[in-house]
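Undergrad: Have a look at this one before I ask anything.
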Amino acid sequence: MQVSRRQFLRYCTGSAAALGLSGIQLKTLADVLARGDGPNVIWLVGSGCSGCSVSFMNLISEQSPHEIGEVLIDLINLAYHPTIMAAAGETAAEAAQVGGEYILAVEGGVPTAFGGAACWAWTVDGEEATFQQVVEEFAAGASHIMCVGECSAWGGIPAAPPNPTGVVGVSQLTGRTTINVAGCPPHPDWIAWVLVRLLLGQPITLDEYGRPSALFTKKVHSTCPMKYQPQAQQFGQEGHCFEDLGCRGKYTYADCPDRQFNGGVNWCARAGSPCIGCANPDFPGTEAFFKVDA
Amino acid sequence: MASRTASNKKLTTHLGVTPKVITIDPVTRIEGHLKIQVEIDHVGAQQQVVDAWSTGTLFRGFELLLNGRHPWDAIPITQRICGVCPVSHAMAASMALDAAAGVAVPDNGRLMRNIVLGANFIQSHLLHFYHLAAMDFVEGPNMAPWKPDWSTDKRLDAATNETLVEHYVQALEMRRKAHELGAVFGAKLPHPASYVPGGFTPDVTAARIAACQSYLSELIPFIDAVWLPDLMLLAGFYGDYFEIGRGVGNLLAFGVFDLDATGGDKLLRRGQVRNASAQVQPVDPDAITEHITHSWYADTVNKRPPANGVTSPQYPKDDAYSWMKAPRYVKYPYEVGPLARMWINGDYEGGISVLDRHLARAQEAAKIAQAMAGWLGQLEVGGEVYAPNTVPQSATAFGLTEAPRGALGHWISIDDKKIASYQVVTPTCWNASPRCMLGLRGPIEEALIGTPVTNAEEPIEVLRVVHSFDPCLACAVHVMRPGEGAAVEVLTGQPAWAASAR
């Protein structure tokens, strides 16, 4: 895929200031794009719900990449993604063998019970490969590993007690450092942010849970507009503080109140519902989400 | 590999030749994990599918992790069964909890629940046609992820192909906007936070109503003036697909989008139809059983109704080939989905086939979008959205609704104010079901019989039939068990079919 001059100029003029790029970084981006293909991305889907991919498809941003089409066409070479790729069966499995550098993105956790048989990746030449086998294989050769969402990062909901299929996160399975894009689902901006930095070769500082510090440092509570409002006594009291109803905003680290979801349309507490802490490594936890008649 | 198929014993033909079995794994452009195997042979001059097996290849065990939790946790947690249809699970869970608490939802709550659910139906249907199914007919841009692809039987001329590719790109924006519409009241999509027992959480404001109306004013013309005509364009080249993929001919709908507080009047009604009849019969939930003869569960618990079912995984097991159970109504396999709903509602004039499913899906999206405009008009600004309710000490209840892919039910049992058991029967479990005790194929399996296969290396025709059902496998195989005292034994070690794969 050759990057057209028009595409390149769109990056230069629209993106430089917005991305905060210096002249040197801009040249690097131009070099990357001028090479032709964006970096290979292999996106594996395991014990999850596809919500992370659906969320990513909701990307809309004033910064480049502006929306999902731009990601797919201009930014990356998405060599494998079972939800949207044209090929099926062995043709699809073989497409993942890119024969060069690649970024591994994983959505959904890795089940280890039944010898890994609670999730299969593909059948090639009559041989079935479990998701566990495939993640181990592709993690070993990846230049970077990005865990999209709670499940691939730490197990997520399928790993909630009693974790019936022995789901683990990719880092726990492979021992490799993974860039953990938290959230159930993650905001599409968070996913795009990581991809752009990987594309530019910029280092990403991770916190103790493997989350990019730049994205997951502020508590939801710190910028919540309702934090000084009276407590809601029941639901249907939008605009109140929901701590008494179970809000986890005081110990959840994400910028939801500022960034909001779906093009800035709304977010959980603004719609009258407490934060359930979906960006926490231990989500969903064992406590009830809602303090209702507990 | 051959040991996986249920008809292993019958694989040798009268000529002593082992017939050809094609495996497609993964089936891509669906939600979740699906493996399809078809046996092909020449029937007359045409190579076609003579047998088929549908296998769900992901298992999570949702109800195990719901047991012991606060009943309201069922709403956010069951949503995460599926990121494409989370709203349907939120709706079903909310309805079950409403019933358990005996609470009546205020009209504003009912209307907002419908609006957010409707927005997700439109998003899901758009995603399905343009971004999942269309690539079976359209040749995409010459780059990943649209290449590599199967070039067999691509019939569109260059101009039509280009039109559909342009619309694929436009549809990316349209489905995003459908989700933005849903988030106006739903908080965020996927996984909206606004569903609670007794109603909905946000205020009804004029600004929010106007925002939804604005999105609808873009979605409705896209459905009417782009999507429906695109289907006609496609049918012009692929008209034979009105005769391919019929399947079992039985249709089932639980119904969805309550138009009044009783739930008796719905936008798409509850009913069932045998053998493509024009006569719609009522649905008796007690006539639903789940078979596990060809599923990896112990035979001692076969043919149970969902509320009393038990699930004991068992490997290895002769003749079993799927994690999915086989739901049956009375004793027959039933197809669920937009075609079933529209047919049962008297809104669809056509047959049952690959193209009929795509057409019914688009027509249903148009119908829902129109209805949403009406619901927005009925909302009362500043009115009540939530009726206070408490968790009962103990209760059993259920919620029957529809996901974009078909009939969906949640059954809950509460004891000591905690979830004692929870069961979900999903649409794709109906559609992608394996054979049952009587050896009747599931709907997708049956629909594949007779499908022509031009090129065994690129069985695109098989994909077209499977995709017409809009499979969502995250939903199909998560269920685990309803019933008291059911214990799931987590098996260790390799299942037999992994060891013997060849």
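Starting from 1 in every chain, residues are counted up; chains themselves are A, B, ... following the order of the structure tokens, and ligands are numbered from 1 as listed.
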Can you pull out every residue from region 324-437 of chain B that DSSP, working from the backbone, puts in helix (DSSP H, G or I), and format the result as a ChimeraX atom specification?

TA: /B:338-344,354-378,427-431

Undergrad: With N, CA and C atoms retained, write the just-selected residues as a compact mmCIF listing (two decimals), in the first residue's frame.

TA:
# COMPACT_ATOMS: atom_id res chain seq x y z
N PRO B 338 -34.03 -11.59 12.45
CA PRO B 338 -34.91 -10.59 11.85
C PRO B 338 -35.94 -11.19 10.90
N LEU B 339 -35.55 -12.20 10.13
CA LEU B 339 -36.51 -12.81 9.22
C LEU B 339 -37.65 -13.44 10.01
N ALA B 340 -37.30 -14.15 11.08
CA ALA B 340 -38.34 -14.77 11.92
C ALA B 340 -39.26 -13.69 12.49
N ARG B 341 -38.67 -12.62 13.02
CA ARG B 341 -39.47 -11.56 13.66
C ARG B 341 -40.39 -10.89 12.65
N MET B 342 -39.82 -10.52 11.50
CA MET B 342 -40.62 -9.78 10.52
C MET B 342 -41.71 -10.67 9.92
N TRP B 343 -41.39 -11.94 9.71
CA TRP B 343 -42.37 -12.90 9.19
C TRP B 343 -43.50 -13.05 10.18
N ILE B 344 -43.15 -13.30 11.43
CA ILE B 344 -44.14 -13.54 12.46
C ILE B 344 -44.99 -12.30 12.70
N VAL B 354 -30.86 -17.07 2.00
CA VAL B 354 -29.77 -16.15 2.32
C VAL B 354 -30.20 -14.70 2.07
N LEU B 355 -30.70 -14.44 0.88
CA LEU B 355 -31.05 -13.04 0.57
C LEU B 355 -32.27 -12.58 1.33
N ASP B 356 -33.21 -13.47 1.60
CA ASP B 356 -34.37 -13.08 2.40
C ASP B 356 -33.93 -12.62 3.78
N ARG B 357 -32.93 -13.29 4.36
CA ARG B 357 -32.45 -12.87 5.69
C ARG B 357 -31.85 -11.47 5.62
N HIS B 358 -31.06 -11.20 4.58
CA HIS B 358 -30.43 -9.87 4.49
C HIS B 358 -31.48 -8.80 4.28
N LEU B 359 -32.47 -9.11 3.46
CA LEU B 359 -33.52 -8.15 3.15
C LEU B 359 -34.36 -7.87 4.39
N ALA B 360 -34.73 -8.92 5.09
CA ALA B 360 -35.56 -8.75 6.30
C ALA B 360 -34.82 -7.94 7.34
N ARG B 361 -33.51 -8.14 7.43
CA ARG B 361 -32.71 -7.42 8.42
C ARG B 361 -32.72 -5.92 8.14
N ALA B 362 -32.55 -5.56 6.88
CA ALA B 362 -32.57 -4.13 6.52
C ALA B 362 -33.96 -3.55 6.69
N GLN B 363 -34.98 -4.29 6.32
CA GLN B 363 -36.35 -3.80 6.48
C GLN B 363 -36.68 -3.63 7.95
N GLU B 364 -36.18 -4.53 8.77
CA GLU B 364 -36.42 -4.41 10.21
C GLU B 364 -35.73 -3.16 10.76
N ALA B 365 -34.51 -2.88 10.28
CA ALA B 365 -33.81 -1.67 10.72
C ALA B 365 -34.63 -0.43 10.38
N ALA B 366 -35.21 -0.42 9.19
CA ALA B 366 -36.05 0.72 8.78
C ALA B 366 -37.26 0.84 9.69
N LYS B 367 -37.89 -0.29 10.00
CA LYS B 367 -39.08 -0.29 10.85
C LYS B 367 -38.74 0.23 12.25
N ILE B 368 -37.62 -0.23 12.79
CA ILE B 368 -37.22 0.19 14.14
C ILE B 368 -36.90 1.68 14.16
N ALA B 369 -36.19 2.16 13.12
CA ALA B 369 -35.83 3.58 13.08
C ALA B 369 -37.10 4.46 13.06
N GLN B 370 -38.07 4.05 12.28
CA GLN B 370 -39.33 4.81 12.25
C GLN B 370 -40.00 4.79 13.63
N ALA B 371 -40.00 3.64 14.26
CA ALA B 371 -40.64 3.53 15.57
C ALA B 371 -39.92 4.39 16.60
N MET B 372 -38.57 4.47 16.47
CA MET B 372 -37.81 5.27 17.41
C MET B 372 -38.22 6.73 17.34
N ALA B 373 -38.49 7.22 16.15
CA ALA B 373 -38.95 8.60 16.01
C ALA B 373 -40.23 8.79 16.83
N GLY B 374 -41.10 7.82 16.78
CA GLY B 374 -42.34 7.88 17.56
C GLY B 374 -42.07 7.87 19.06
N TRP B 375 -41.17 6.96 19.48
CA TRP B 375 -40.89 6.87 20.92
C TRP B 375 -40.28 8.16 21.46
N LEU B 376 -39.41 8.78 20.66
CA LEU B 376 -38.82 10.06 21.07
C LEU B 376 -39.92 11.09 21.29
N GLY B 377 -40.92 11.04 20.43
CA GLY B 377 -42.03 11.98 20.56
C GLY B 377 -42.91 11.72 21.77
N GLN B 378 -42.89 10.49 22.27
CA GLN B 378 -43.73 10.15 23.43
C GLN B 378 -43.05 10.44 24.76
N PRO B 427 -29.88 -16.37 20.94
CA PRO B 427 -30.32 -16.66 19.58
C PRO B 427 -29.35 -17.53 18.79
N THR B 428 -28.05 -17.27 18.95
CA THR B 428 -27.13 -18.06 18.13
C THR B 428 -27.07 -19.50 18.60
N CYS B 429 -27.47 -19.74 19.86
CA CYS B 429 -27.55 -21.13 20.30
C CYS B 429 -28.63 -21.85 19.49
N TRP B 430 -29.76 -21.17 19.24
CA TRP B 430 -30.78 -21.76 18.37
C TRP B 430 -30.21 -21.98 16.97
N ASN B 431 -29.64 -20.92 16.39
CA ASN B 431 -29.27 -20.97 14.97
C ASN B 431 -28.05 -21.85 14.70

Undergrad: Please provide the set of residues having any atom within 9 Å of Gly48 (chain A), restricted to only C-alpha atoms, with same-chain residues fewer than 6 positions apart removed, written as a list of chain:residue names.

TA: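 Near neighbours after the sequence-gap exclusion: A:Glu107, A:Gly108, A:Gly109, A:Cys151, A:Ser152, A:Gly156, A:Ile157, A:Pro158, B:Gly32, B:Arg60, B:Arg80, B:Ile81, B:Cys82, B:Gly83, B:Ala474.
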
Undergrad: For region 456-463 of chain B, please output as an MDAnalysis selection string all residues within 8 Å (counting only C-alpha atoms; exclusion window: fewer than 2 positions along the same chain).

TA: chainID B and resid 22 27 136 150:153 448 451:454 465:467

Undergrad: Quick one: of B:Asn345, B:Ala276, B:Ala447, B:Val38, who's nearest to Pro19 (chain B), counting only C-alpha atoms?

TA: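 Ranking B:Asn345, B:Ala276, B:Ala447, B:Val38 by distance to Pro19 (chain B), first place goes to B:Val38.
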
Undergrad: Can you tell me which residues surround Pro111 (chain A) at a distance of at most 9 Å, considering only C-alpha atoms, apart from same-chain residues fewer than 6 positions away, and format the answer as a PyMOL selection string?

TA: (chain A and resi 46-47+117-119+131-132+155+158-159+164-169) or (chain B and resi 59-60)

Undergrad: Store the residues picked out above, limited to C-alpha atoms, as a compact mmCIF listing (two decimals), in the first residue's frame.

TA:
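The resulting file, out-v9.txt, is reproduced below:
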# COMPACT_ATOMS: atom_id res chain seq x y z
CA GLY A 46 -9.88 -14.84 22.59
CA SER A 47 -12.13 -15.20 25.60
CA ALA A 117 -9.52 -26.04 24.77
CA ALA A 118 -12.12 -23.57 26.02
CA CYS A 119 -11.02 -21.33 23.14
CA PHE A 131 -5.94 -19.68 21.62
CA GLN A 132 -3.35 -20.28 24.31
CA GLY A 155 -8.64 -11.76 32.72
CA PRO A 158 -14.60 -14.30 32.46
CA ALA A 159 -11.89 -14.51 35.13
CA PRO A 164 -14.46 -21.40 35.28
CA THR A 165 -12.11 -21.64 32.31
CA GLY A 166 -8.88 -20.56 33.97
CA VAL A 167 -8.61 -17.27 32.05
CA VAL A 168 -5.37 -15.33 32.48
CA GLY A 169 -4.04 -12.13 30.98
CA PHE B 59 -16.63 -21.44 26.34
CA ARG B 60 -16.64 -18.95 29.25

Undergrad: Considering only C-alpha atoms, can you say which of B:Gly56, B:Gly382, B:Pro471, B:Gly182 comes closest to Pro434 (chain B)?

TA: B:Gly56

Undergrad: With distances taken over only C-alpha atoms, which of A:Ala88, A:Val98, A:Ile179, A:Ile76 is nearest to chain B?

TA: A:Ala88
